Structure formats: structure tokens, C-alpha cells
>>> print(open('work14.cif').read())   # mmCIF, C-alpha atoms and all ligand atoms
data_entry
#
loop_
_atom_site.group_PDB
_atom_site.id
_atom_site.type_symbol
_atom_site.label_atom_id
_atom_site.label_comp_id
_atom_site.auth_asym_id
_atom_site.auth_seq_id
_atom_site.Cartn_x
_atom_site.Cartn_y
_atom_site.Cartn_z
ATOM 1 C CA VAL A 9 6.874 -5.270 -23.011
ATOM 2 C CA ILE A 10 10.129 -3.717 -21.867
ATOM 3 C CA VAL A 11 11.618 -4.921 -18.583
ATOM 4 C CA HIS A 12 13.897 -2.129 -17.335
ATOM 5 C CA ASP A 13 14.471 -3.835 -13.987
ATOM 6 C CA ALA A 14 13.769 -7.548 -13.514
ATOM 7 C CA PHE A 15 14.078 -7.236 -9.719
ATOM 8 C CA VAL A 16 10.276 -6.748 -9.468
ATOM 9 C CA LEU A 17 9.489 -9.904 -11.476
ATOM 10 C CA ARG A 18 8.722 -13.241 -9.841
ATOM 11 C CA GLN A 19 9.710 -15.142 -12.998
ATOM 12 C CA GLN A 20 12.315 -14.978 -15.768
ATOM 13 C CA PRO A 21 11.947 -11.799 -17.888
ATOM 14 C CA LYS A 22 11.880 -13.914 -21.076
ATOM 15 C CA ASP A 23 8.951 -15.972 -19.781
ATOM 16 C CA PHE A 24 7.156 -12.845 -18.483
ATOM 17 C CA ILE A 25 7.461 -11.064 -21.855
ATOM 18 C CA ARG A 26 6.503 -14.130 -23.917
ATOM 19 C CA ARG A 27 3.263 -14.631 -21.979
ATOM 20 C CA LEU A 28 2.248 -10.957 -22.349
ATOM 21 C CA LYS A 29 3.354 -10.074 -25.872
ATOM 22 C CA GLY A 30 0.416 -9.860 -28.302
ATOM 23 C CA LYS A 31 -2.201 -10.450 -25.590
ATOM 24 C CA ALA A 32 -5.104 -8.091 -24.942
ATOM 25 C CA ILE A 33 -6.256 -6.937 -21.497
ATOM 26 C CA GLU A 34 -9.833 -8.149 -21.095
ATOM 27 C CA LYS A 35 -10.588 -6.790 -17.647
ATOM 28 C CA ILE A 36 -8.961 -5.769 -14.380
ATOM 29 C CA THR A 37 -10.110 -7.032 -10.993
ATOM 30 C CA ARG A 38 -8.653 -7.217 -7.498
ATOM 31 C CA ARG A 39 -8.210 -9.660 -4.625
ATOM 32 C CA GLY A 40 -7.040 -8.237 -1.312
ATOM 33 C CA LYS A 41 -4.440 -5.651 -2.265
ATOM 34 C CA ALA A 42 -3.399 -7.412 -5.497
ATOM 35 C CA VAL A 43 -4.363 -6.145 -8.968
ATOM 36 C CA ILE A 44 -5.446 -8.955 -11.327
ATOM 37 C CA ILE A 45 -5.138 -8.175 -15.051
ATOM 38 C CA HIS A 46 -7.068 -10.739 -17.106
ATOM 39 C CA LEU A 47 -5.353 -11.536 -20.419
ATOM 40 C CA SER A 48 -6.918 -12.722 -23.681
ATOM 41 C CA SER A 49 -4.779 -15.892 -23.390
ATOM 42 C CA GLY A 50 -6.765 -16.859 -20.271
ATOM 43 C CA GLU A 51 -3.725 -16.153 -18.105
ATOM 44 C CA PHE A 52 -3.437 -13.439 -15.445
ATOM 45 C CA LEU A 53 -0.895 -10.719 -14.776
ATOM 46 C CA ILE A 54 -0.769 -10.275 -11.004
ATOM 47 C CA VAL A 55 0.554 -6.972 -9.661
ATOM 48 C CA GLN A 56 1.272 -6.495 -5.963
ATOM 49 C CA LEU A 57 2.032 -2.793 -5.533
ATOM 50 C CA MET A 58 3.243 -3.107 -1.911
ATOM 51 C CA MET A 59 4.770 0.112 -0.494
ATOM 52 C CA THR A 60 5.697 2.197 -3.517
ATOM 53 C CA GLY A 61 4.411 0.431 -6.643
ATOM 54 C CA GLN A 62 2.381 2.463 -9.152
ATOM 55 C CA LEU A 63 0.503 1.463 -12.315
ATOM 56 C CA ILE A 64 0.214 4.587 -14.488
ATOM 57 C CA ALA A 65 -1.561 4.810 -17.826
ATOM 58 C CA ASN A 66 0.219 6.876 -20.486
ATOM 59 C CA GLY A 67 2.745 8.347 -18.026
ATOM 60 C CA ALA A 68 6.091 9.900 -18.936
ATOM 61 C CA GLY A 69 8.296 7.339 -17.193
ATOM 62 C CA ASP A 70 11.280 8.091 -14.988
ATOM 63 C CA ARG A 71 14.156 6.320 -13.246
ATOM 64 C CA HIS A 72 11.669 4.414 -11.077
ATOM 65 C CA THR A 73 9.905 2.899 -14.122
ATOM 66 C CA ARG A 74 10.605 -0.837 -13.892
ATOM 67 C CA ILE A 75 8.334 -2.140 -16.691
ATOM 68 C CA THR A 76 6.789 -0.477 -19.758
ATOM 69 C CA PHE A 77 3.794 -2.115 -21.459
ATOM 70 C CA SER A 78 3.069 -0.616 -24.905
ATOM 71 C CA PHE A 79 -0.251 -1.242 -26.666
ATOM 72 C CA SER A 80 -1.005 -1.451 -30.372
ATOM 73 C CA GLY A 81 -3.188 1.698 -30.234
ATOM 74 C CA GLY A 82 -0.233 3.796 -29.055
ATOM 75 C CA SER A 83 -1.135 3.914 -25.370
ATOM 76 C CA SER A 84 1.047 2.567 -22.582
ATOM 77 C CA LEU A 85 1.029 1.350 -18.999
ATOM 78 C CA LEU A 86 4.008 1.918 -16.713
ATOM 79 C CA TYR A 87 4.947 0.031 -13.598
ATOM 80 C CA ASN A 88 6.910 2.419 -11.367
ATOM 81 C CA ASP A 89 8.355 1.341 -8.055
ATOM 82 C CA GLN A 90 10.769 3.495 -6.087
ATOM 83 C CA ARG A 91 11.700 0.932 -3.431
ATOM 84 C CA ARG A 92 11.058 -2.207 -5.531
ATOM 85 C CA PHE A 93 9.044 -4.117 -2.887
ATOM 86 C CA GLY A 94 6.308 -4.735 -5.461
ATOM 87 C CA GLN A 95 5.974 -7.961 -7.430
ATOM 88 C CA LEU A 96 4.661 -8.829 -10.904
ATOM 89 C CA ARG A 97 3.996 -12.296 -12.213
ATOM 90 C CA VAL A 98 2.030 -13.989 -15.019
ATOM 91 C CA VAL A 99 0.157 -17.113 -13.909
ATOM 92 C CA ALA A 100 -2.106 -19.592 -15.701
ATOM 93 C CA GLN A 101 -4.399 -19.931 -12.674
ATOM 94 C CA LEU A 102 -5.109 -17.714 -9.685
ATOM 95 C CA LYS A 103 -4.567 -20.610 -7.277
ATOM 96 C CA GLU A 104 -0.861 -20.426 -8.149
ATOM 97 C CA ILE A 105 -0.768 -17.297 -5.986
ATOM 98 C CA LYS A 106 -0.417 -19.000 -2.593
ATOM 99 C CA HIS A 107 -1.282 -15.788 -0.790
ATOM 100 C CA PHE A 108 -4.795 -15.803 -2.360
ATOM 101 C CA ASN A 109 -5.567 -19.229 -0.882
ATOM 102 C CA ILE A 110 -5.225 -17.997 2.690
ATOM 103 C CA LEU A 111 -7.032 -14.638 2.289
ATOM 104 C CA GLY A 112 -10.249 -14.043 4.214
ATOM 105 C CA PRO A 113 -13.382 -12.659 2.546
ATOM 106 C CA GLU A 114 -13.482 -9.310 0.751
ATOM 107 C CA PRO A 115 -14.928 -6.598 3.022
ATOM 108 C CA PHE A 116 -17.716 -5.796 0.511
ATOM 109 C CA SER A 117 -18.708 -9.448 0.015
ATOM 110 C CA LYS A 118 -21.741 -11.200 1.540
ATOM 111 C CA ASP A 119 -19.405 -13.611 3.351
ATOM 112 C CA PHE A 120 -18.073 -10.722 5.398
ATOM 113 C CA SER A 121 -21.033 -10.325 7.757
ATOM 114 C CA PRO A 122 -21.439 -9.361 11.440
ATOM 115 C CA ALA A 123 -22.069 -13.067 12.165
ATOM 116 C CA PHE A 124 -18.784 -13.987 10.479
ATOM 117 C CA MET A 125 -16.958 -11.299 12.458
ATOM 118 C CA ARG A 126 -18.510 -12.444 15.712
ATOM 119 C CA GLU A 127 -17.386 -16.008 15.196
ATOM 120 C CA ALA A 128 -13.816 -14.920 14.449
ATOM 121 C CA PHE A 129 -13.713 -12.456 17.361
ATOM 122 C CA GLN A 130 -15.136 -14.879 19.941
ATOM 123 C CA LYS A 131 -12.118 -17.131 19.793
ATOM 124 C CA SER A 132 -9.503 -14.387 19.681
ATOM 125 C CA ILE A 133 -7.666 -12.894 22.630
ATOM 126 C CA ARG A 134 -5.638 -10.710 20.265
ATOM 127 C CA PRO A 135 -6.094 -6.914 20.213
ATOM 128 C CA ILE A 136 -8.863 -5.961 17.767
ATOM 129 C CA LYS A 137 -6.424 -3.931 15.638
ATOM 130 C CA ASN A 138 -4.287 -7.045 15.020
ATOM 131 C CA VAL A 139 -7.374 -8.993 13.918
ATOM 132 C CA LEU A 140 -8.433 -6.247 11.467
ATOM 133 C CA LEU A 141 -4.944 -6.306 9.915
ATOM 134 C CA ASP A 142 -4.932 -10.113 9.650
ATOM 135 C CA HIS A 143 -5.639 -10.884 5.989
ATOM 136 C CA THR A 144 -6.709 -14.416 6.808
ATOM 137 C CA PHE A 145 -9.637 -12.785 8.662
ATOM 138 C CA VAL A 146 -10.584 -10.113 6.080
ATOM 139 C CA ALA A 147 -8.720 -9.199 2.897
ATOM 140 C CA GLY A 148 -7.227 -5.845 2.136
ATOM 141 C CA ILE A 149 -7.745 -3.639 5.206
ATOM 142 C CA GLY A 150 -4.409 -1.875 5.581
ATOM 143 C CA ASN A 151 -2.952 -0.067 8.563
ATOM 144 C CA ILE A 152 -4.358 3.365 7.708
ATOM 145 C CA TYR A 153 -7.922 2.070 7.359
ATOM 146 C CA ALA A 154 -7.751 -0.158 10.456
ATOM 147 C CA CYS A 155 -6.813 2.905 12.548
ATOM 148 C CA GLU A 156 -9.581 5.041 11.039
ATOM 149 C CA VAL A 157 -12.241 2.314 11.428
ATOM 150 C CA LEU A 158 -11.413 1.917 15.138
ATOM 151 C CA PHE A 159 -11.531 5.667 15.679
ATOM 152 C CA ARG A 160 -14.987 5.969 14.109
ATOM 153 C CA SER A 161 -16.163 2.909 16.049
ATOM 154 C CA ARG A 162 -14.854 4.472 19.315
ATOM 155 C CA LEU A 163 -12.977 1.231 20.061
ATOM 156 C CA SER A 164 -9.474 1.080 21.535
ATOM 157 C CA PRO A 165 -7.119 -0.747 19.150
ATOM 158 C CA LYS A 166 -5.859 -2.653 22.214
ATOM 159 C CA ARG A 167 -9.273 -4.087 23.188
ATOM 160 C CA GLN A 168 -9.362 -7.896 23.080
ATOM 161 C CA ALA A 169 -11.368 -9.037 20.067
ATOM 162 C CA ARG A 170 -13.508 -11.412 22.167
ATOM 163 C CA ARG A 171 -14.547 -8.517 24.439
ATOM 164 C CA ILE A 172 -16.336 -6.676 21.641
ATOM 165 C CA SER A 173 -20.119 -6.848 21.900
ATOM 166 C CA LEU A 174 -22.480 -7.796 19.090
ATOM 167 C CA THR A 175 -23.759 -4.206 18.913
ATOM 168 C CA GLU A 176 -20.179 -2.973 18.575
ATOM 169 C CA ILE A 177 -19.468 -5.625 15.920
ATOM 170 C CA LYS A 178 -22.495 -4.530 13.861
ATOM 171 C CA ASP A 179 -21.366 -0.919 14.112
ATOM 172 C CA MET A 180 -17.795 -1.832 13.155
ATOM 173 C CA HIS A 181 -19.010 -3.873 10.164
ATOM 174 C CA ARG A 182 -20.897 -0.831 8.859
ATOM 175 C CA THR A 183 -17.932 1.454 9.606
ATOM 176 C CA ILE A 184 -15.426 -0.753 7.752
ATOM 177 C CA ARG A 185 -17.495 -0.498 4.566
ATOM 178 C CA GLU A 186 -18.118 3.226 5.107
ATOM 179 C CA VAL A 187 -14.395 4.041 5.534
ATOM 180 C CA LEU A 188 -13.340 1.914 2.551
ATOM 181 C CA ARG A 189 -16.080 3.411 0.334
ATOM 182 C CA GLU A 190 -15.038 6.943 1.286
ATOM 183 C CA ALA A 191 -11.379 6.118 0.635
ATOM 184 C CA ILE A 192 -12.271 4.762 -2.806
ATOM 185 C CA THR A 193 -14.379 7.857 -3.572
ATOM 186 C CA HIS A 194 -11.358 10.031 -2.735
ATOM 187 C CA ARG A 195 -9.084 7.717 -4.753
ATOM 188 C CA GLY A 196 -7.008 6.381 -1.862
ATOM 189 C CA SER A 197 -4.485 7.850 0.550
ATOM 190 C CA SER A 198 -1.305 9.361 -0.898
ATOM 191 C CA LEU A 199 0.689 9.809 2.293
ATOM 192 C CA ARG A 200 3.797 9.087 0.294
ATOM 193 C CA ASN A 201 3.978 7.331 -3.061
ATOM 194 C CA TYR A 202 0.517 6.078 -3.895
ATOM 195 C CA ARG A 203 -0.847 7.330 -7.228
ATOM 196 C CA ASP A 204 -3.987 6.285 -9.065
ATOM 197 C CA GLY A 205 -3.993 4.964 -12.628
ATOM 198 C CA SER A 206 -3.858 8.459 -14.101
ATOM 199 C CA GLY A 207 -0.875 9.422 -11.926
ATOM 200 C CA GLN A 208 -2.996 11.573 -9.560
ATOM 201 C CA LYS A 209 -2.627 11.612 -5.783
ATOM 202 C CA GLY A 210 -5.464 10.156 -3.708
ATOM 203 C CA ARG A 211 -6.976 12.660 -1.291
ATOM 204 C CA PHE A 212 -8.383 10.509 1.512
ATOM 205 C CA ASN A 213 -5.259 11.240 3.578
ATOM 206 C CA GLU A 214 -6.580 14.824 3.957
ATOM 207 C CA ARG A 215 -9.572 13.354 5.816
ATOM 208 C CA LEU A 216 -7.696 11.080 8.236
ATOM 209 C CA ALA A 217 -8.784 11.556 11.862
ATOM 210 C CA VAL A 218 -5.982 9.682 13.671
ATOM 211 C CA TYR A 219 -3.507 7.985 11.308
ATOM 212 C CA ALA A 220 -0.027 9.616 11.537
ATOM 213 C CA ARG A 221 -1.500 12.380 13.719
ATOM 214 C CA GLN A 222 0.159 11.615 17.077
ATOM 215 C CA GLY A 223 0.276 14.679 19.362
ATOM 216 C CA LEU A 224 -2.403 16.477 17.322
ATOM 217 C CA PRO A 225 -5.868 17.065 18.793
ATOM 218 C CA CYS A 226 -8.547 14.383 18.413
ATOM 219 C CA PRO A 227 -11.199 15.763 16.033
ATOM 220 C CA ARG A 228 -13.908 14.511 18.427
ATOM 221 C CA CYS A 229 -12.676 15.445 21.927
ATOM 222 C CA GLN A 230 -9.526 17.575 21.321
ATOM 223 C CA LYS A 231 -7.279 15.366 23.522
ATOM 224 C CA SER A 232 -3.916 14.381 21.998
ATOM 225 C CA ILE A 233 -3.793 11.445 19.558
ATOM 226 C CA LEU A 234 -1.554 8.654 20.884
ATOM 227 C CA ARG A 235 0.789 6.282 19.044
ATOM 228 C CA VAL A 236 1.590 2.721 20.106
ATOM 229 C CA THR A 237 2.984 -0.262 18.212
ATOM 230 C CA LEU A 238 0.676 -3.255 17.709
ATOM 231 C CA ALA A 239 1.610 -6.263 15.561
ATOM 232 C CA GLY A 240 4.715 -4.304 14.589
ATOM 233 C CA ARG A 241 2.698 -1.443 13.070
ATOM 234 C CA GLY A 242 2.310 2.164 14.155
ATOM 235 C CA THR A 243 -1.133 2.469 15.701
ATOM 236 C CA PHE A 244 -2.826 5.841 16.205
ATOM 237 C CA TYR A 245 -5.830 6.418 18.460
ATOM 238 C CA CYS A 246 -7.504 8.678 20.986
ATOM 239 C CA GLY A 247 -7.079 7.275 24.509
ATOM 240 C CA HIS A 248 -10.009 9.392 25.693
ATOM 241 C CA CYS A 249 -12.845 8.555 23.286
ATOM 242 C CA GLN A 250 -11.738 5.078 22.095
ATOM 243 C CA LYS A 251 -12.432 2.518 24.841
HETATM 244 ZN ZN ZN A 301 -10.974 11.733 21.274
#
>>> encode(input="work14.cif", output="C-alpha cells")
Amino acid sequence: VIVHDAFVLRQQPKDFIRRLKGKAIEKITRRGKAVIIHLSSGEFLIVQLMMTGQLIANGAGDRHTRITFSFSGGSSLLYNDQRRFGQLRVVAQLKEIKHFNILGPEPFSKDFSPAFMREAFQKSIRPIKNVLLDHTFVAGIGNIYACEVLFRSRLSPKRQARRISLTEIKDMHRTIREVLREAITHRGSSLRNYRDGSGQKGRFNERLAVYARQGLPCPRCQKSILRVTLAGRGTFYCGHCQK
């Protein structure tokens, strides 16, 4: 393990290297937006990519390469991060990651059901977009996907969560899974820096209906896409066909 830039570590480089050196990767899972690399020691390497982090297998490396992991078979894994908002940390137990303890259910899990959504929505006067982005409600729906889900569901991002009907909730539940599945099939959205594990750009951004498309025609009704700020995030929608 070579630490080129310890800024992205949440522990001392010496400790980080010691707990990784000589260990095998047994499997890789995910919680919310965090990558969980399971080590043969029983510990976990947690990688939060944030804005510009990239995990690239057998890449060439450049000035944004912050960590190089070399394997005994000659292969390698690079952690690149242009803006260095990402974080890496080795932990003995997942509960050490405080953020995991407050995360809501995974969108593909059984716990994330229309009934669960209804209960959460009923007590919320917040705009629906803010609820979708709240990771204590559901884990891992980012800004791009929240905007696209609301477009497909024909719901205004500003609508109060408690004013969404059960029929609309059932439709939104299906749409959330549909949008995320499509995004995974197209290997994510590379609007800027995102790359998959082989260094390739994701292509879901080519299919976006509203995100970052303000002033362009709505693909459904041709009226201009609008942009507002909700919960501090750029929010894109069609004022005509999202009510
Ligand atoms: Zn429209």
C-alpha cells in the first residue's frame, strides 16, 4: 500500500497500511454510497468516493492518485480523487462508521416498501425532494436520481411529502427502483468525474430527462425545464407536467 496523499485518510497512514498489508480482499459490498471492502483479517476498508473519488483497477495513475494498492498477482487498485473530498478508513466493525447507524433502508431492500414510505411521508411537511435526499429516510438516492424519479412520477419536487397519495407513493416506489436499476445498467452518471472500476465513464447521464437541463425542452411536453434550489441542491423539473 502506497499512500501518496494522506489527506484522504481518516486515520494515521502507518495504521492504515499496517491493517491492509498482506490481507486479501474477500468481497466488496456497499451501504448507501459507501464502498465496503471486506478483508481476510475480518476488518473492513471503507471508501466514501464523495464528489470526485474513483476506484480504478489496473489504471495508469496520475497526479490525482492518492493511494495505490498493489496485489501479489501483479494487479493493482488506485484511489484517485481530484478534489480530495473522499475518505478512506480501515475499521474492525461497521458500527464504527457513525454515518451507517443513521442510514435508512436500502432502496432495493424489503424494508423499503410503499407502507414504509407512507408512514415517513405522513408526518413530513417538507418538500418531497428533500425527503428523497434525506439518507435517514432511504440510503443512497443522490441529487441526480431524486430529480429523475420525480420527473418520471410527474410529481413537483416542491410538493409536501404528506400531500402525496398512496397511489402516487406506490408509483414512486416502483419508479425509484426502475431509475436506480437503469442507472446501474448504464454504469452510473459521469457528468464530471465519476468512473467505474475499469476507468470507463457511466452513460446514464445521456438519458437524463431533467437533471442539469434547465432551459431545455421537457422530453414529455416540450416546455422549458426549470431550476430551483431545495435543501441547498440544484433541483430540475418541468413546471408543466410535474404537479
Ligand atoms: Zn413537461
>>> residues_near_ligand(input="work14.cif", ligand="ligand ZN 301 (chain A)", cutoff="9 Å", atoms="all atoms listed in the file", output="PyMOL selection string")
chain A and resi 159+162+225-233+245-250
>>> closest_residue(input="work14.cif", among="A:Gln56, A:Ser49, A:Asn109, A:Ser121", to="Arg92 in chain A", atoms="only C-alpha atoms")
A:Gln56
>>> resolve_selection(input="work14.cif", expression="the PyMOL selection byres (((chain A and resi 199) around 10) and not hetatm)", output="PyMOL selection string")
chain A and resi 152+196-198+200-203+209-214+220
>>> atom_distance(input="work14.cif", atom1="CA of Tyr219 in chain A", atom2="CA of Gln62 in chain A")
22.0 Å
>>> resolve_selection(input="work14.cif", expression="the PyMOL selection byres (((chain A and resi 110) around 10) and not hetatm)", output="ChimeraX atom specification")
/A:105-109,111-113,143-145,147
>>> resolve_selection(input="work14.cif", expression="the PyMOL selection byres (((chain A and resi 19) around 12) and not hetatm)", output="ChimeraX atom specification")
/A:11,14-18,20-27,53-54,95-99
>>> closest_residue(input="work14.cif", among="A:Thr73, A:Leu163, A:Gln168, A:Ser48", to="Asn138 in chain A", atoms="all atoms listed in the file")
A:Gln168
>>> closest_residue(input="work14.cif", among="A:Arg215, A:Lys166, A:Lys103, A:Lys178", to="Ala123 in chain A", atoms="all atoms listed in the file")
A:Lys178
>>> closest_residue(input="work14.cif", among="A:Gly94, A:Gly205, A:Pro122, A:Pro165", to="Arg185 in chain A", atoms="only C-alpha atoms")
A:Pro122
>>> residues_near_point(input="work14.cif", point="(8.0, 9.9, -22.7)", cutoff="12 Å", atoms="all atoms listed in the file", output="VMD selection string")
chain A and resid 65 to 71 73 76 78 83 to 86
>>> atom_distance(input="work14.cif", atom1="CA of Val43 in chain A", atom2="CA of Asp13 in chain A")
19.6 Å
>>> residues_around(input="work14.cif", residues="Pro115 in chain A", least_positions_apart="5", cutoff="9 Å", atoms="all atoms listed in the file", output="list in words")
Phe120, Ser121, Val146, Ala147, Gly148, Ile149, His181, Ile184, Arg185 and Leu188 of chain A
>>> closest_residue(input="work14.cif", among="A:Met58, A:Ala42, A:Ile10, A:Ile64", to="Ser206 in chain A", atoms="only C-alpha atoms")
A:Ile64
>>> residues_around(input="work14.cif", residues="Lys131 in chain A", least_positions_apart="5", cutoff="9 Å", atoms="all atoms listed in the file", output="list in words")
Arg126, Ala169 and Arg170 of chain A
>>> closest_residue(input="work14.cif", among="A:Arg235, A:Lys118, A:Arg160, A:Arg195", to="Asp179 in chain A", atoms="only C-alpha atoms")
A:Arg160
>>> atom_distance(input="work14.cif", atom1="CA of Leu57 in chain A", atom2="CA of Tyr87 in chain A")
9.0 Å
>>> axis_aligned_box(input="work14.cif", around="range 239-242 of chain A", padding_each_side="4 Å", output="AutoDock Vina command-line options")
--center_x 3.2 --center_y -2.0 --center_z 14.3 --size_x 11.1 --size_y 16.4 --size_z 10.5
>>> decode(input="work14.cif", residues="range 173-203 of chain A", atoms="N, CA and C atoms", output="mmCIF file, in the first residue's frame")
data_model
loop_
_atom_site.group_PDB
_atom_site.id
_atom_site.type_symbol
_atom_site.label_atom_id
_atom_site.label_comp_id
_atom_site.auth_asym_id
_atom_site.auth_seq_id
_atom_site.Cartn_x
_atom_site.Cartn_y
_atom_site.Cartn_z
ATOM 1 N N SER A 173 -50.427 11.011 -2.414
ATOM 2 C CA SER A 173 -51.424 9.947 -2.188
ATOM 3 C C SER A 173 -50.767 8.569 -2.194
ATOM 4 N N LEU A 174 -51.515 7.583 -1.700
ATOM 5 C CA LEU A 174 -50.982 6.220 -1.660
ATOM 6 C C LEU A 174 -50.705 5.691 -3.069
ATOM 7 N N THR A 175 -51.564 6.021 -4.011
ATOM 8 C CA THR A 175 -51.345 5.615 -5.409
ATOM 9 C C THR A 175 -50.042 6.220 -5.929
ATOM 10 N N GLU A 176 -49.838 7.511 -5.621
ATOM 11 C CA GLU A 176 -48.611 8.173 -6.063
ATOM 12 C C GLU A 176 -47.383 7.573 -5.366
ATOM 13 N N ILE A 177 -47.534 7.199 -4.107
ATOM 14 C CA ILE A 177 -46.421 6.590 -3.363
ATOM 15 C C ILE A 177 -46.043 5.247 -3.995
ATOM 16 N N LYS A 178 -47.055 4.441 -4.326
ATOM 17 C CA LYS A 178 -46.780 3.131 -4.948
ATOM 18 C C LYS A 178 -46.067 3.304 -6.278
ATOM 19 N N ASP A 179 -46.504 4.305 -7.044
ATOM 20 C CA ASP A 179 -45.871 4.583 -8.332
ATOM 21 C C ASP A 179 -44.423 5.053 -8.129
ATOM 22 N N MET A 180 -44.228 5.922 -7.131
ATOM 23 C CA MET A 180 -42.889 6.451 -6.876
ATOM 24 C C MET A 180 -41.945 5.350 -6.406
ATOM 25 N N HIS A 181 -42.460 4.436 -5.580
ATOM 26 C CA HIS A 181 -41.662 3.307 -5.089
ATOM 27 C C HIS A 181 -41.140 2.486 -6.265
ATOM 28 N N ARG A 182 -42.032 2.207 -7.218
ATOM 29 C CA ARG A 182 -41.641 1.433 -8.407
ATOM 30 C C ARG A 182 -40.625 2.228 -9.244
ATOM 31 N N THR A 183 -40.878 3.543 -9.359
ATOM 32 C CA THR A 183 -40.018 4.396 -10.183
ATOM 33 C C THR A 183 -38.615 4.535 -9.593
ATOM 34 N N ILE A 184 -38.512 4.617 -8.276
ATOM 35 C CA ILE A 184 -37.196 4.721 -7.630
ATOM 36 C C ILE A 184 -36.339 3.523 -8.024
ATOM 37 N N ARG A 185 -36.918 2.324 -7.907
ATOM 38 C CA ARG A 185 -36.164 1.109 -8.247
ATOM 39 C C ARG A 185 -35.852 1.044 -9.743
ATOM 40 N N GLU A 186 -36.802 1.498 -10.550
ATOM 41 C CA GLU A 186 -36.618 1.481 -12.016
ATOM 42 C C GLU A 186 -35.453 2.409 -12.416
ATOM 43 N N VAL A 187 -35.446 3.634 -11.874
ATOM 44 C CA VAL A 187 -34.399 4.602 -12.225
ATOM 45 C C VAL A 187 -33.031 4.098 -11.744
ATOM 46 N N LEU A 188 -32.974 3.590 -10.517
ATOM 47 C CA LEU A 188 -31.687 3.119 -9.994
ATOM 48 C C LEU A 188 -31.184 1.910 -10.788
ATOM 49 N N ARG A 189 -32.104 0.989 -11.141
ATOM 50 C CA ARG A 189 -31.699 -0.184 -11.932
ATOM 51 C C ARG A 189 -31.154 0.221 -13.286
ATOM 52 N N GLU A 190 -31.841 1.179 -13.936
ATOM 53 C CA GLU A 190 -31.378 1.661 -15.243
ATOM 54 C C GLU A 190 -30.011 2.320 -15.126
ATOM 55 N N ALA A 191 -29.838 3.113 -14.057
ATOM 56 C CA ALA A 191 -28.557 3.810 -13.856
ATOM 57 C C ALA A 191 -27.432 2.799 -13.654
ATOM 58 N N ILE A 192 -27.730 1.723 -12.928
ATOM 59 C CA ILE A 192 -26.715 0.689 -12.699
ATOM 60 C C ILE A 192 -26.393 -0.019 -14.018
ATOM 61 N N THR A 193 -27.441 -0.339 -14.790
ATOM 62 C CA THR A 193 -27.235 -0.981 -16.098
ATOM 63 C C THR A 193 -26.314 -0.144 -16.984
ATOM 64 N N HIS A 194 -26.481 1.184 -16.922
ATOM 65 C CA HIS A 194 -25.654 2.069 -17.756
ATOM 66 C C HIS A 194 -24.413 2.550 -17.004
ATOM 67 N N ARG A 195 -24.097 1.889 -15.909
ATOM 68 C CA ARG A 195 -22.874 2.101 -15.135
ATOM 69 C C ARG A 195 -22.725 3.535 -14.615
ATOM 70 N N GLY A 196 -23.855 4.103 -14.151
ATOM 71 C CA GLY A 196 -23.786 5.386 -13.452
ATOM 72 C C GLY A 196 -23.806 6.591 -14.374
ATOM 73 N N SER A 197 -23.684 7.762 -13.752
ATOM 74 C CA SER A 197 -23.774 9.033 -14.474
ATOM 75 C C SER A 197 -22.444 9.766 -14.373
ATOM 76 N N SER A 198 -21.742 9.882 -15.491
ATOM 77 C CA SER A 198 -20.450 10.591 -15.478
ATOM 78 C C SER A 198 -20.638 12.006 -15.981
ATOM 79 N N LEU A 199 -21.330 12.836 -15.171
ATOM 80 C CA LEU A 199 -21.466 14.241 -15.566
ATOM 81 C C LEU A 199 -20.121 14.925 -15.492
ATOM 82 N N ARG A 200 -19.340 14.553 -14.500
ATOM 83 C CA ARG A 200 -17.996 15.098 -14.384
ATOM 84 C C ARG A 200 -16.993 13.967 -14.198
ATOM 85 N N ASN A 201 -16.706 13.617 -12.946
ATOM 86 C CA ASN A 201 -15.547 12.771 -12.662
ATOM 87 C C ASN A 201 -15.839 11.296 -12.457
ATOM 88 N N TYR A 202 -17.088 10.914 -12.328
ATOM 89 C CA TYR A 202 -17.333 9.516 -11.984
ATOM 90 C C TYR A 202 -16.798 8.559 -13.045
ATOM 91 N N ARG A 203 -16.079 7.522 -12.591
ATOM 92 C CA ARG A 203 -15.630 6.449 -13.475
ATOM 93 C C ARG A 203 -15.930 5.133 -12.783
#
